[in-house]
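Here's protein22.pdb, which has PDB, C-alpha atoms:
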ATOM      1  CA  MET Y   1     188.474 313.380 121.770
ATOM      2  CA  LYS Y   2     187.424 312.920 125.376
ATOM      3  CA  HIS Y   3     188.619 309.818 127.186
ATOM      4  CA  SER Y   4     187.268 308.188 130.330
ATOM      5  CA  TYR Y   5     188.779 309.407 133.580
ATOM      6  CA  PRO Y   6     190.086 307.112 136.312
ATOM      7  CA  THR Y   7     187.727 306.124 139.109
ATOM      8  CA  PRO Y   8     188.151 304.637 142.599
ATOM      9  CA  ASP Y   9     187.337 301.261 141.042
ATOM     10  CA  GLN Y  10     189.888 301.747 138.253
ATOM     11  CA  PRO Y  11     192.444 304.202 139.621
ATOM     12  CA  LEU Y  12     195.278 305.779 137.680
ATOM     13  CA  LYS Y  13     198.515 304.258 138.950
ATOM     14  CA  ILE Y  14     201.328 306.710 139.669
ATOM     15  CA  GLY Y  15     204.809 305.204 139.893
ATOM     16  CA  THR Y  16     207.470 306.747 142.098
ATOM     17  CA  ARG Y  17     210.517 306.054 144.201
ATOM     18  CA  GLY Y  18     209.873 305.666 147.909
ATOM     19  CA  SER Y  19     211.913 308.470 149.464
ATOM     20  CA  PRO Y  20     210.024 311.215 151.326
ATOM     21  CA  LEU Y  21     210.915 313.688 148.567
ATOM     22  CA  ALA Y  22     209.838 311.348 145.760
ATOM     23  CA  LEU Y  23     206.540 310.741 147.551
ATOM     24  CA  ALA Y  24     206.026 314.495 148.028
ATOM     25  CA  GLN Y  25     206.480 314.932 144.270
ATOM     26  CA  ALA Y  26     204.001 312.133 143.552
ATOM     27  CA  HIS Y  27     201.495 313.686 145.946
ATOM     28  CA  GLU Y  28     201.902 317.066 144.223
ATOM     29  CA  THR Y  29     201.276 315.413 140.855
ATOM     30  CA  ARG Y  30     198.165 313.676 142.198
ATOM     31  CA  ALA Y  31     196.854 316.933 143.692
ATOM     32  CA  ARG Y  32     197.322 318.766 140.390
ATOM     33  CA  LEU Y  33     195.548 316.013 138.464
ATOM     34  CA  MET Y  34     192.688 316.032 140.968
ATOM     35  CA  ALA Y  35     192.302 319.802 140.641
ATOM     36  CA  ALA Y  36     192.618 319.844 136.846
ATOM     37  CA  HIS Y  37     189.951 317.182 136.328
ATOM     38  CA  ASP Y  38     187.798 317.463 139.468
ATOM     39  CA  LEU Y  39     188.612 313.919 140.563
ATOM     40  CA  PRO Y  40     188.671 312.382 144.053
ATOM     41  CA  GLU Y  41     191.918 311.224 145.669
ATOM     42  CA  ALA Y  42     190.668 307.635 145.497
ATOM     43  CA  ALA Y  43     190.847 307.809 141.690
ATOM     44  CA  PHE Y  44     194.636 307.611 142.012
ATOM     45  CA  GLU Y  45     196.962 305.009 143.462
ATOM     46  CA  ILE Y  46     200.571 305.874 144.292
ATOM     47  CA  MET Y  47     202.804 302.858 143.759
ATOM     48  CA  VAL Y  48     206.310 302.818 145.248
ATOM     49  CA  ILE Y  49     208.942 301.103 143.117
ATOM     50  CA  LYS Y  50     212.430 300.419 144.445
ATOM     51  CA  THR Y  51     215.205 301.377 142.040
ATOM     52  CA  THR Y  52     218.832 300.287 141.909
ATOM     53  CA  GLY Y  53     219.876 303.651 143.320
ATOM     54  CA  ASP Y  54     217.682 303.110 146.384
ATOM     55  CA  ASP Y  55     219.500 299.979 147.603
ATOM     56  CA  ARG Y  56     219.840 300.544 151.342
ATOM     57  CA  THR Y  57     223.078 298.601 151.722
ATOM     58  CA  LEU Y  58     224.756 300.682 149.024
ATOM     59  CA  ILE Y  59     223.494 303.910 150.601
ATOM     60  CA  ASP Y  60     224.676 302.975 154.088
ATOM     61  CA  ALA Y  61     228.080 302.012 152.684
ATOM     62  CA  ASP Y  62     228.277 305.333 150.781
ATOM     63  CA  ARG Y  63     229.054 303.471 147.563
ATOM     64  CA  PRO Y  64     229.642 306.042 144.786
ATOM     65  CA  LEU Y  65     226.866 306.065 142.210
ATOM     66  CA  LYS Y  66     229.381 305.759 139.390
ATOM     67  CA  GLU Y  67     230.436 302.366 140.790
ATOM     68  CA  ILE Y  68     226.857 301.083 140.608
ATOM     69  CA  GLY Y  69     226.024 302.394 137.139
ATOM     70  CA  ASN Y  70     225.264 305.925 136.055
ATOM     71  CA  LYS Y  71     222.425 306.293 133.619
ATOM     72  CA  GLY Y  72     218.972 305.192 134.660
ATOM     73  CA  LEU Y  73     220.036 304.428 138.229
ATOM     74  CA  PHE Y  74     216.849 305.967 139.646
ATOM     75  CA  THR Y  75     214.552 305.301 136.685
ATOM     76  CA  LYS Y  76     215.114 301.868 135.108
ATOM     77  CA  GLU Y  77     212.791 299.807 137.297
ATOM     78  CA  ILE Y  78     210.065 302.474 137.195
ATOM     79  CA  GLU Y  79     210.171 302.656 133.417
ATOM     80  CA  GLU Y  80     210.063 298.854 133.170
ATOM     81  CA  ALA Y  81     206.893 298.889 135.286
ATOM     82  CA  MET Y  82     205.302 301.378 132.900
ATOM     83  CA  ILE Y  83     206.280 299.455 129.786
ATOM     84  CA  GLU Y  84     204.784 296.326 131.372
ATOM     85  CA  GLY Y  85     201.560 298.181 132.216
ATOM     86  CA  ARG Y  86     201.875 297.940 136.013
ATOM     87  CA  ILE Y  87     201.752 301.741 136.322
ATOM     88  CA  ASP Y  88     200.237 304.433 134.102
ATOM     89  CA  ILE Y  89     202.587 307.370 134.676
ATOM     90  CA  ALA Y  90     205.894 307.933 136.460
ATOM     91  CA  VAL Y  91     206.941 310.984 138.458
ATOM     92  CA  HIS Y  92     210.644 311.836 138.261
ATOM     93  CA  SER Y  93     213.127 314.402 139.517
ATOM     94  CA  MET Y  94     214.324 315.645 136.157
ATOM     95  CA  LYS Y  95     217.931 316.013 137.265
ATOM     96  CA  ASP Y  96     218.003 312.199 137.599
ATOM     97  CA  MET Y  97     216.660 311.564 134.107
ATOM     98  CA  PRO Y  98     218.799 310.351 131.196
ATOM     99  CA  THR Y  99     218.369 312.482 128.079
ATOM    100  CA  LEU Y 100     216.893 309.557 126.117
ATOM    101  CA  GLN Y 101     213.778 307.615 127.087
ATOM    102  CA  PRO Y 102     213.198 303.925 126.308
ATOM    103  CA  ASP Y 103     211.205 303.133 123.176
ATOM    104  CA  GLY Y 104     207.505 303.596 123.845
ATOM    105  CA  LEU Y 105     207.904 306.146 126.659
ATOM    106  CA  LEU Y 106     207.642 309.930 126.488
ATOM    107  CA  LEU Y 107     208.431 312.888 128.735
ATOM    108  CA  ASP Y 108     206.324 315.864 127.692
ATOM    109  CA  CYS Y 109     204.840 317.163 130.945
ATOM    110  CA  TYR Y 110     206.754 319.272 133.466
ATOM    111  CA  LEU Y 111     205.346 320.847 136.611
ATOM    112  CA  PRO Y 112     206.274 324.458 137.463
ATOM    113  CA  ARG Y 113     209.939 324.520 138.408
ATOM    114  CA  GLU Y 114     211.014 325.103 141.994
ATOM    115  CA  ASP Y 115     214.102 326.915 143.341
ATOM    116  CA  THR Y 116     217.070 325.727 141.258
ATOM    117  CA  ARG Y 117     219.801 326.587 143.782
ATOM    118  CA  ASP Y 118     221.888 324.235 145.885
ATOM    119  CA  ALA Y 119     221.572 324.435 149.653
ATOM    120  CA  PHE Y 120     224.571 324.510 151.990
ATOM    121  CA  VAL Y 121     223.781 322.319 154.983
ATOM    122  CA  SER Y 122     225.830 322.200 158.165
ATOM    123  CA  ARG Y 123     225.224 322.028 161.898
ATOM    124  CA  ASN Y 124     227.745 324.771 162.702
ATOM    125  CA  VAL Y 125     229.041 326.503 159.543
ATOM    126  CA  LYS Y 126     227.088 329.188 157.663
ATOM    127  CA  THR Y 127     228.633 329.199 154.172
ATOM    128  CA  ILE Y 128     231.304 327.499 152.069
ATOM    129  CA  ALA Y 129     233.540 330.524 152.623
ATOM    130  CA  ASP Y 130     233.424 329.897 156.383
ATOM    131  CA  LEU Y 131     234.896 326.397 156.075
ATOM    132  CA  ALA Y 132     238.438 326.050 157.409
ATOM    133  CA  PRO Y 133     241.091 324.267 155.340
ATOM    134  CA  GLY Y 134     240.860 320.517 155.763
ATOM    135  CA  GLN Y 135     237.222 320.440 156.855
ATOM    136  CA  VAL Y 136     235.218 317.529 155.515
ATOM    137  CA  VAL Y 137     232.453 317.978 152.945
ATOM    138  CA  GLY Y 138     230.116 315.067 152.182
ATOM    139  CA  THR Y 139     228.502 314.697 148.757
ATOM    140  CA  SER Y 140     227.597 311.924 146.331
ATOM    141  CA  SER Y 141     227.374 314.382 143.429
ATOM    142  CA  LEU Y 142     230.347 314.385 141.097
ATOM    143  CA  ARG Y 143     229.245 317.834 139.918
ATOM    144  CA  ARG Y 144     229.234 319.343 143.411
ATOM    145  CA  ARG Y 145     232.527 317.639 144.275
ATOM    146  CA  ALA Y 146     234.239 319.053 141.183
ATOM    147  CA  GLN Y 147     232.754 322.531 141.634
ATOM    148  CA  LEU Y 148     233.762 322.665 145.292
ATOM    149  CA  LEU Y 149     237.323 321.460 144.697
ATOM    150  CA  ASN Y 150     237.680 323.920 141.822
ATOM    151  CA  ARG Y 151     237.057 326.778 144.249
ATOM    152  CA  ARG Y 152     238.336 325.218 147.481
ATOM    153  CA  PRO Y 153     241.003 322.576 146.778
ATOM    154  CA  ASP Y 154     242.002 322.815 150.458
ATOM    155  CA  LEU Y 155     238.863 320.951 151.568
ATOM    156  CA  LYS Y 156     238.411 317.193 151.953
ATOM    157  CA  VAL Y 157     235.462 315.624 150.115
ATOM    158  CA  VAL Y 158     233.990 312.250 151.120
ATOM    159  CA  GLU Y 159     231.222 310.135 149.566
ATOM    160  CA  PHE Y 160     227.877 310.888 151.198
ATOM    161  CA  ARG Y 161     224.692 309.202 149.990
ATOM    162  CA  GLY Y 162     221.049 308.954 151.015
ATOM    163  CA  ASN Y 163     217.861 310.988 151.139
ATOM    164  CA  VAL Y 164     217.546 314.243 153.086
ATOM    165  CA  GLN Y 165     216.862 312.545 156.409
ATOM    166  CA  THR Y 166     219.721 310.064 155.982
ATOM    167  CA  ARG Y 167     222.213 312.793 155.142
ATOM    168  CA  LEU Y 168     221.205 314.902 158.145
ATOM    169  CA  LYS Y 169     221.759 311.903 160.418
ATOM    170  CA  LYS Y 170     225.207 311.380 158.882
ATOM    171  CA  LEU Y 171     226.052 315.008 159.695
ATOM    172  CA  ASP Y 172     224.942 314.438 163.288
ATOM    173  CA  ASP Y 173     227.093 311.301 163.400
ATOM    174  CA  GLY Y 174     230.167 313.308 162.372
ATOM    175  CA  VAL Y 175     230.696 311.700 158.965
ATOM    176  CA  ALA Y 176     231.207 315.192 157.512
ATOM    177  CA  ASP Y 177     231.128 318.843 158.596
ATOM    178  CA  CYS Y 178     228.692 319.863 155.867
ATOM    179  CA  THR Y 179     226.876 318.706 152.768
ATOM    180  CA  PHE Y 180     224.710 320.005 149.934
ATOM    181  CA  LEU Y 181     221.051 319.435 149.116
ATOM    182  CA  ALA Y 182     218.728 320.941 146.526
ATOM    183  CA  MET Y 183     216.688 323.908 147.730
ATOM    184  CA  ALA Y 184     213.786 322.569 145.654
ATOM    185  CA  GLY Y 185     213.638 319.376 147.692
ATOM    186  CA  LEU Y 186     213.748 321.269 150.978
ATOM    187  CA  HIS Y 187     210.875 323.486 149.803
ATOM    188  CA  ARG Y 188     208.801 320.448 148.807
ATOM    189  CA  LEU Y 189     209.458 318.786 152.156
ATOM    190  CA  ASN Y 190     208.773 322.004 154.113
ATOM    191  CA  MET Y 191     212.310 321.776 155.506
ATOM    192  CA  VAL Y 192     213.849 325.029 154.239
ATOM    193  CA  GLU Y 193     215.202 325.733 157.721
ATOM    194  CA  VAL Y 194     217.674 322.860 157.215
ATOM    195  CA  ALA Y 195     219.712 325.057 154.846
ATOM    196  CA  GLN Y 196     222.282 327.344 156.417
ATOM    197  CA  SER Y 197     222.308 329.257 153.134
ATOM    198  CA  ALA Y 198     221.256 328.992 149.494
ATOM    199  CA  ILE Y 199     224.141 329.061 147.034
ATOM    200  CA  ALA Y 200     223.865 331.521 144.152
ATOM    201  CA  PRO Y 201     224.216 330.013 140.644
ATOM    202  CA  GLU Y 202     227.230 332.274 140.125
ATOM    203  CA  ASP Y 203     228.980 330.343 142.907
ATOM    204  CA  MET Y 204     227.651 326.861 142.129
ATOM    205  CA  LEU Y 205     225.805 326.340 138.854
ATOM    206  CA  PRO Y 206     223.069 323.741 139.491
ATOM    207  CA  ALA Y 207     222.569 320.347 137.932
ATOM    208  CA  ILE Y 208     220.782 320.239 134.607
ATOM    209  CA  ALA Y 209     217.004 320.403 135.230
ATOM    210  CA  GLN Y 210     217.424 320.775 139.002
ATOM    211  CA  GLY Y 211     214.157 321.690 140.705
ATOM    212  CA  ALA Y 212     211.954 320.312 137.922
ATOM    213  CA  ILE Y 213     209.473 317.421 138.130
ATOM    214  CA  GLY Y 214     208.771 315.443 134.971
ATOM    215  CA  ILE Y 215     205.832 313.120 134.354
ATOM    216  CA  GLU Y 216     206.518 310.233 131.995
ATOM    217  CA  ARG Y 217     203.856 308.281 130.117
ATOM    218  CA  ARG Y 218     203.519 305.693 127.385
ATOM    219  CA  THR Y 219     203.778 307.301 123.957
ATOM    220  CA  ASP Y 220     200.577 305.705 122.663
ATOM    221  CA  ASP Y 221     198.442 306.562 125.713
ATOM    222  CA  ALA Y 222     196.132 309.246 124.343
ATOM    223  CA  ARG Y 223     194.074 309.361 127.544
ATOM    224  CA  LEU Y 224     197.116 310.304 129.632
ATOM    225  CA  ALA Y 225     198.287 312.808 127.027
ATOM    226  CA  GLU Y 226     194.938 314.569 127.421
ATOM    227  CA  MET Y 227     194.975 314.396 131.229
ATOM    228  CA  LEU Y 228     198.532 315.660 131.598
ATOM    229  CA  ALA Y 229     198.300 318.528 129.113
ATOM    230  CA  PRO Y 230     196.780 321.040 131.624
ATOM    231  CA  LEU Y 231     199.609 320.314 134.081
ATOM    232  CA  ASN Y 232     202.466 321.167 131.733
ATOM    233  CA  ASP Y 233     204.297 324.407 132.549
ATOM    234  CA  LEU Y 234     205.469 326.144 129.374
ATOM    235  CA  ALA Y 235     208.371 328.104 130.885
ATOM    236  CA  THR Y 236     209.783 324.971 132.517
ATOM    237  CA  THR Y 237     209.441 323.086 129.224
ATOM    238  CA  GLN Y 238     211.320 325.819 127.372
ATOM    239  CA  ARG Y 239     214.113 326.023 129.935
ATOM    240  CA  LEU Y 240     214.595 322.251 130.065
ATOM    241  CA  ALA Y 241     214.698 322.028 126.281
ATOM    242  CA  ALA Y 242     217.852 324.162 126.318
ATOM    243  CA  GLU Y 243     219.449 322.522 129.357
ATOM    244  CA  ARG Y 244     218.811 318.927 128.330
ATOM    245  CA  ALA Y 245     219.993 319.566 124.757
ATOM    246  CA  PHE Y 246     223.221 320.909 126.258
ATOM    247  CA  LEU Y 247     223.534 317.787 128.414
ATOM    248  CA  ALA Y 248     222.724 315.407 125.560
ATOM    249  CA  ALA Y 249     225.308 317.019 123.290
ATOM    250  CA  LEU Y 250     227.941 316.377 125.961
ATOM    251  CA  ASP Y 251     226.705 312.782 126.434
ATOM    252  CA  GLY Y 252     226.260 313.504 130.114
ATOM    253  CA  SER Y 253     224.198 311.967 132.902
ATOM    254  CA  CYS Y 254     223.370 312.835 136.488
ATOM    255  CA  GLU Y 255     226.824 311.548 137.440
ATOM    256  CA  THR Y 256     229.156 313.633 135.289
ATOM    257  CA  PRO Y 257     230.559 317.057 136.249
ATOM    258  CA  ILE Y 258     228.227 319.041 134.004
ATOM    259  CA  ALA Y 259     226.092 321.941 135.181
ATOM    260  CA  GLY Y 260     223.736 324.312 133.457
ATOM    261  CA  LEU Y 261     220.892 326.737 133.979
ATOM    262  CA  ALA Y 262     218.530 328.349 131.496
ATOM    263  CA  LEU Y 263     216.429 331.407 132.321
ATOM    264  CA  ILE Y 264     213.690 333.134 130.333
ATOM    265  CA  ASP Y 265     214.576 336.785 129.693
ATOM    266  CA  GLY Y 266     211.783 338.481 127.767
ATOM    267  CA  ALA Y 267     211.610 336.820 124.331
ATOM    268  CA  ASP Y 268     215.017 335.205 124.800
ATOM    269  CA  ILE Y 269     216.471 332.295 126.693
ATOM    270  CA  TRP Y 270     219.761 332.750 128.548
ATOM    271  CA  LEU Y 271     221.795 329.593 129.070
ATOM    272  CA  ARG Y 272     224.906 329.142 131.191
ATOM    273  CA  GLY Y 273     226.779 325.853 131.129
ATOM    274  CA  GLU Y 274     230.001 324.378 132.434
ATOM    275  CA  VAL Y 275     232.011 321.165 132.475
ATOM    276  CA  LEU Y 276     234.715 320.281 134.967
ATOM    277  CA  ARG Y 277     237.349 317.657 135.462
ATOM    278  CA  PRO Y 278     236.204 315.332 138.267
ATOM    279  CA  ASP Y 279     239.043 316.489 140.536
ATOM    280  CA  GLY Y 280     238.066 320.131 140.013
ATOM    281  CA  SER Y 281     241.432 321.017 138.501
ATOM    282  CA  GLU Y 282     239.889 322.617 135.414
ATOM    283  CA  ARG Y 283     236.575 324.300 134.633
ATOM    284  CA  LEU Y 284     235.243 325.372 131.234
ATOM    285  CA  PHE Y 285     232.290 327.769 131.062
ATOM    286  CA  GLU Y 286     230.119 329.137 128.260
ATOM    287  CA  GLU Y 287     226.955 331.219 128.098
ATOM    288  CA  GLY Y 288     224.694 332.475 125.352
ATOM    289  CA  ARG Y 289     221.295 333.858 124.423
ATOM    290  CA  ALA Y 290     218.807 332.973 121.701
ATOM    291  CA  PRO Y 291     215.083 333.304 120.927
ATOM    292  CA  ILE Y 292     213.109 330.981 123.203
ATOM    293  CA  ALA Y 293     212.094 328.744 120.286
ATOM    294  CA  ASP Y 294     215.788 328.126 119.548
ATOM    295  CA  GLY Y 295     216.647 326.990 123.080
ATOM    296  CA  ALA Y 296     217.608 323.436 122.115
ATOM    297  CA  ASP Y 297     219.883 324.725 119.340
ATOM    298  CA  LEU Y 298     221.481 327.090 121.855
ATOM    299  CA  GLY Y 299     222.165 324.167 124.186
ATOM    300  CA  ARG Y 300     223.841 322.185 121.425
ATOM    301  CA  ASP Y 301     225.835 325.233 120.319
ATOM    302  CA  LEU Y 302     227.202 325.867 123.823
ATOM    303  CA  ALA Y 303     228.129 322.196 124.162
ATOM    304  CA  ALA Y 304     230.006 322.312 120.835
ATOM    305  CA  LYS Y 305     231.937 325.391 121.976
ATOM    306  CA  LEU Y 306     232.977 323.650 125.181
ATOM    307  CA  ARG Y 307     234.078 320.554 123.306
ATOM    308  CA  ALA Y 308     236.130 322.701 120.938
ATOM    309  CA  ARG Y 309     237.886 324.401 123.853
ATOM    310  CA  ALA Y 310     238.535 321.238 125.871
ATOM    311  CA  PRO Y 311     241.935 319.476 125.827
ATOM    312  CA  ALA Y 312     241.973 316.079 124.108
ATOM    313  CA  ASP Y 313     241.706 314.141 127.375
ATOM    314  CA  PHE Y 314     239.164 316.401 129.079
ATOM    315  CA  PHE Y 315     236.151 314.172 128.342
ATOM    316  CA  SER Y 316     237.938 310.868 129.031
ATOM    317  CA  TRP Y 317     235.688 310.337 132.045
ATOM    318  CA  LEU Y 318     232.538 310.217 129.874
TER     319      LEU Y 318
END
Take the structure in this file and express it as structure tokens.
Amino acid sequence: MKHSYPTPDQPLKIGTRGSPLALAQAHETRARLMAAHDLPEAAFEIMVIKTTGDDRTLIDADRPLKEIGNKGLFTKEIEEAMIEGRIDIAVHSMKDMPTLQPDGLLLDCYLPREDTRDAFVSRNVKTIADLAPGQVVGTSSLRRRAQLLNRRPDLKVVEFRGNVQTRLKKLDDGVADCTFLAMAGLHRLNMVEVAQSAIAPEDMLPAIAQGAIGIERRTDDARLAEMLAPLNDLATTQRLAAERAFLAALDGSCETPIAGLALIDGADIWLRGEVLRPDGSERLFEEGRAPIADGADLGRDLAAKLRARAPADFFSWL
């Protein structure tokens, strides 16, 4: 069944956070919708919604995310706006998304995934290996903190929040000697030159769903289901099914030391996953392969293996 398309008089409202990266993702979504349905830019309205995680005072104070509240920190207010009908769709960085959506909302559209690697960012150091003992690393990611300290317990890690531009200014101000960003975000902002180097997954396994953009809609909105269908990337959907099932089985969020990456290898999916103690003192790793259609089962299986191997107190931080 064909539904009416948005028009300049009745535009489709796209909800997003207000950071430069979030806006770049919303603009990409709008451009893909315009191309898929031959619609003018004026048929869409991008609406910026401030989330709890975007509170400027908390960012400037480098308050750890876990002190503010983990799950839904960058999504709650946006999803409330959609439930209330103030926006039609929401554009999210999938690594920020809880594994469960509120009743009435659905995530079933993913844009083609970008570079999944982490970027090493410093004004004067090329790689992690070049850091001297005692140098200061800034990150707000519990995953990156744990991974770094697991490999380099001789380094000092400090809390380091904000968007790309804010973090670069903090480096210039001497708050830290280096930090990490996502290569995907730098690509989308045309700022790849900011990275001194990209970190191989073998050295730092990325966050679950890193580099992927998800578009959320109301479950009963048939018009949006039809409009979004041409945008959905099958390979990204298949990879995220495995990764997010792994995350869900560990009851994780964007603020727990869990990492994972799924890759398509012929007719199979290859999933690597790890959990760490927050201080980096212990790391547990599993990997496996399965037919692509069984990706979610593979994710749950790897999570169960990690839980079986973990000491009784290993998941006390969850």
Can you tell me, as a tab-separated table (two decimals) with C-alpha atoms, in the frame of the given file, what residues are no more than 8 Å from Y:Gly288 when counting all atoms listed in the file, ignoring any on the same chain fewer than 4 positions away?
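Listing of around.tsv after writing:
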chain	number	residue	atom	x	y	z
Y	270	TRP	CA	219.76	332.75	128.55
Y	271	LEU	CA	221.80	329.59	129.07
Y	272	ARG	CA	224.91	329.14	131.19
Y	298	LEU	CA	221.48	327.09	121.86
Y	302	LEU	CA	227.20	325.87	123.82
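When the PyMOL selection byres ((chain Y and resi 293) around 10) is evaluated against the file, it yields Gln238, Ala241, Ala242, Ala267, Asp268, Ile269, Ala290, Pro291, Ile292, Asp294, Gly295, Ala296, Asp297 and Leu298 of chain Y.
For the structure shown here, the set of residues caught by the PyMOL selection byres ((chain Y and resi 96-112) around 7) is Y:Lys71, Y:Gly72, Y:Phe74, Y:Ser93, Y:Met94, Y:Lys95, Y:Arg113, Y:Glu114, Y:Ala212, Y:Ile213, Y:Gly214, Y:Ile215, Y:Glu216, Y:Arg217, Y:Arg218, Y:Thr219, Y:Leu228, Y:Ala229, Y:Leu231, Y:Asn232, Y:Asp233, Y:Thr236, Y:Thr237, Y:Arg244, Y:Ala248, Y:Ser253, Y:Cys254.
Compared by their closest atoms to Y:Leu131, and using all atoms listed in the file, the residues Y:Thr166, Y:Asn150, Y:Thr256, Y:Thr179 rank with Y:Thr179 nearest.
Comparing Y:Leu261, Y:Glu28, Y:Ala245, Y:Gly266 by their smallest distance to Y:Arg300, the closest is Y:Ala245 (using all atoms listed in the file).
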#### Entry: Contact residues around Y:Gln196 with all atoms listed in the file at 6 Å, ignoring same-chain residues under 2 positions, as a PyMOL selection string
chain Y and resi 120-121+126
Preceding selection exported with C-alpha atoms as an mmCIF file, keeping the file's coordinate frame:
data_model
loop_
_atom_site.group_PDB
_atom_site.id
_atom_site.type_symbol
_atom_site.label_atom_id
_atom_site.label_comp_id
_atom_site.auth_asym_id
_atom_site.auth_seq_id
_atom_site.Cartn_x
_atom_site.Cartn_y
_atom_site.Cartn_z
ATOM 1 C CA PHE Y 120 224.571 324.510 151.990
ATOM 2 C CA VAL Y 121 223.781 322.319 154.983
ATOM 3 C CA LYS Y 126 227.088 329.188 157.663
#
### Message
Please determine, counting only C-alpha atoms, which residue among Y:Ile83, Y:Ala303, Y:Leu234, Y:Leu186 has the shortest atom-to-atom distance to Y:Ala24.
### Response
Y:Leu186
### Task
Mind giving me the straight-line distance from atom CA of Y:Glu286 to atom CA of Y:Thr116 in Å, one decimal?
18.7 Å
### Task
Pick out the residues sitting within 8 Å of Y:Ala26, and hand them over as a count of residues only; count all atoms listed in the file, and ignore anything fewer than 5 positions along from it in its own chain.
5
